[in-house]
Structures are given as C-alpha cells and as structure tokens.
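Encoded as structure tokens, the structure appears first; notes follow it.
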Amino acid sequence: MDHFERLRKKEARGVHKDAEKARKLHGLKGKLYAQQRHAEKVQLKKTINQHQESLRKKKDDAAVPDGAVPSYLLEREGQSRSKVLSNMVKQKRKDRAGRWNVPIPKVKPIAEDEMFRVIKTGKRQRKQWKRMVTKATFVGAGFTRKPPKYERFVRPAALRFTKAHVTHPDLQATFCLEILGVKKNPSSHLYTTLGVLTKGTIIEVNVSDLGLVTQSGKVVWGKYAQVTNNPEL
C-alpha cells in the first residue's frame, strides 16, 4: 500500500474520530472543543459562499419579440437568467475590510523587564520605584520633565525621536516626516501613553509637505504609519 492511499484513508477516518471525540468530551474541554468545531464550520461556510455564483436576472437585448407588447410585460422584455459573478461587490468588501490592514498584523509583546530598567534612589539607594525606558520614545515639542520627586518613568533624551523615515506604499518612495504622536502600541496601553516606539507601533506623521489632497480639495495634515523595524538598534 503506497503512502498516498494511507494518507487518504487516514483523512477519511479523521471525520469519525473527531465525531467520537466530540461525543466523549465533557465539561470545559467539551465546550472548548465545540467552540473550535463551530469556528471551523463557520469558516468553511464562508469559503464556500465566496466561491458560489449568484443567480441574477440579466436583460438580453437580442431577444426582442416582434409586434406590440403589453405595458405590464415591458419590464420583463427579453430577460434571461444567467450566472453573474458579483466581483465588484466582493472587491469593494475586500477593500473596505483591508482599509486598516497593516504590514505587521501580529507582534510579539515586550516584557516590562526588557522595556524598563530599575533606578535606585534615596540616600542609601534602597528605593526602587523609578524606571528608565530603554526603548526609543516620542515626546511632544513642548515636553518638560517632571521634578525628580514625581517622575516615575524617565525617558532619556538620547532615545527621543521626533522624525521617522516613512515609505509610501503606492509611490515606493521614502520620506523623512515629523512624528505627530503615538496612536497605538500593541504591547501595552502604558507604552502608548509613554510614547514608546517599538516594532508594530502605529504612529501619526505629518504629511502636509507631500501635498496630499482629499476629494473635497482639503490638504491632508496627518496620516497613520506603522513601525516595521526596531528603532533603538
């Protein structure tokens, strides 16, 4: 018996094994397995529906009957049922869904031990409530540090970035643009508030110099971009 025949029989038996497993599992494991199978079935139905063609009525100008036609039959004149692929609708849905797509959809989270370094303070160096950020950060133009007594997170001046090299996806050209702010850091909400720039961070950049204009004629001021490298390296 060759390899492919064994593989085919194994796949055929797999359906029965999955059904038996679903019958025997109880409690939390049974619920989790049922949720998993439900998600698989939903995805399968979506895939099948995408490949199916929709039956629609299409007017056939060639099949025009001779003689006078009653007014109530004018709308039905020369119609033929044909299979029409709704490619335009599907493409619009894909474009709408992919409007917020980013180059890096998933990023490995960064632990706090890697992000912060403990700073010992006090006369005897016993207090350890301060943290120094070891990654690249962004602070606004009018940023002023808090007094040492109240500053918990220290962002070194050497790791503060104000500009970023952004590549336009359509033009395939790179521009050096000013950073307006950090929109979202996927690792943590704290990193977003601190303005930490890590791989996968969504930032807002100033594109007014590029001359981008909306359909109504207004100049585009800011656009979102994603960090695709490690800025501190």
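Scheme for the structure tokens: letters A, B, ... for chains in order shown; per-chain residue numbers from 1; ligand numbers from 1 in order shown.
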Which residues of range 93-144 of chain A sit at most 8 Å from range 156-170 of chain A, using only C-alpha atoms? Give each one's shortest atom pair and distance in Å (one decimal place), in chain and ascending residue order, as JSON lines.
{"residue": "A:Met132", "atom": "CA", "partner": "A:Pro156", "partner_atom": "CA", "distance": 7.6}
{"residue": "A:Val133", "atom": "CA", "partner": "A:Pro156", "partner_atom": "CA", "distance": 7.2}
{"residue": "A:Thr134", "atom": "CA", "partner": "A:Leu159", "partner_atom": "CA", "distance": 7.9}
{"residue": "A:Lys135", "atom": "CA", "partner": "A:Leu159", "partner_atom": "CA", "distance": 6.9}
{"residue": "A:Ala136", "atom": "CA", "partner": "A:Leu159", "partner_atom": "CA", "distance": 4.8}
{"residue": "A:Thr137", "atom": "CA", "partner": "A:Arg160", "partner_atom": "CA", "distance": 4.9}
{"residue": "A:Phe138", "atom": "CA", "partner": "A:Phe161", "partner_atom": "CA", "distance": 5.2}
{"residue": "A:Val139", "atom": "CA", "partner": "A:Arg160", "partner_atom": "CA", "distance": 6.8}
Pull N, CA and C atoms from the residues just selected and write them as a tab-separated table (two decimals), in the first residue's frame.
chain	number	residue	atom	x	y	z
A	132	MET	N	13.62	53.49	34.12
A	132	MET	CA	14.16	54.16	32.93
A	132	MET	C	13.75	53.37	31.69
A	133	VAL	N	13.19	54.06	30.70
A	133	VAL	CA	12.75	53.43	29.47
A	133	VAL	C	13.97	53.15	28.60
A	134	THR	N	14.14	51.90	28.17
A	134	THR	CA	15.32	51.50	27.39
A	134	THR	C	15.05	51.47	25.89
A	135	LYS	N	13.81	51.79	25.48
A	135	LYS	CA	13.47	51.78	24.06
A	135	LYS	C	13.30	53.22	23.56
A	136	ALA	N	13.23	53.36	22.23
A	136	ALA	CA	13.03	54.67	21.62
A	136	ALA	C	11.64	55.20	21.97
A	137	THR	N	11.56	56.50	22.23
A	137	THR	CA	10.29	57.12	22.62
A	137	THR	C	10.04	58.38	21.80
A	138	PHE	N	8.80	58.85	21.86
A	138	PHE	CA	8.44	60.13	21.24
A	138	PHE	C	7.78	61.00	22.29
A	139	VAL	N	8.25	62.24	22.39
A	139	VAL	CA	7.62	63.24	23.26
A	139	VAL	C	7.33	64.48	22.41
Spatial neighbours of range 21-28 of chain A, max dist 10 Å, only C-alpha atoms, sep filter under 6 positions, as a list of chain:residue names: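 The contact residues come out as A:Val15, A:Ala34, A:Arg37.
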Selected residues written out with N, CA, C and O atoms, as an mmCIF file, in the first residue's frame:
data_model
loop_
_atom_site.group_PDB
_atom_site.id
_atom_site.type_symbol
_atom_site.label_atom_id
_atom_site.label_comp_id
_atom_site.auth_asym_id
_atom_site.auth_seq_id
_atom_site.Cartn_x
_atom_site.Cartn_y
_atom_site.Cartn_z
ATOM 1 N N VAL A 15 -12.708 12.062 10.216
ATOM 2 C CA VAL A 15 -14.043 12.610 10.474
ATOM 3 C C VAL A 15 -14.733 11.828 11.588
ATOM 4 O O VAL A 15 -15.335 12.401 12.504
ATOM 5 N N ALA A 34 -16.211 22.148 21.228
ATOM 6 C CA ALA A 34 -17.399 22.508 20.443
ATOM 7 C C ALA A 34 -17.239 23.900 19.818
ATOM 8 O O ALA A 34 -17.606 24.115 18.659
ATOM 9 N N ARG A 37 -14.853 23.541 16.818
ATOM 10 C CA ARG A 37 -15.504 22.940 15.646
ATOM 11 C C ARG A 37 -16.498 23.916 15.007
ATOM 12 O O ARG A 37 -16.623 23.986 13.786
#
- prompt: What does the distance between CA of Leu177 in chain A and CA of Val102 in chain A come to in Å, to one decimal place?
  reply: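 Computed distance, CA of Leu177 in chain A to CA of Val102 in chain A, equals 18.8 Å.
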Separation of CA of Leu180 in chain A from CA of Lys106 in chain A, in Å and rounded to one decimal: 23.6 Å
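The two atoms in question, CA of Lys199 in chain A and CA of Asn229 in chain A, are spaced 5.4 Å apart.
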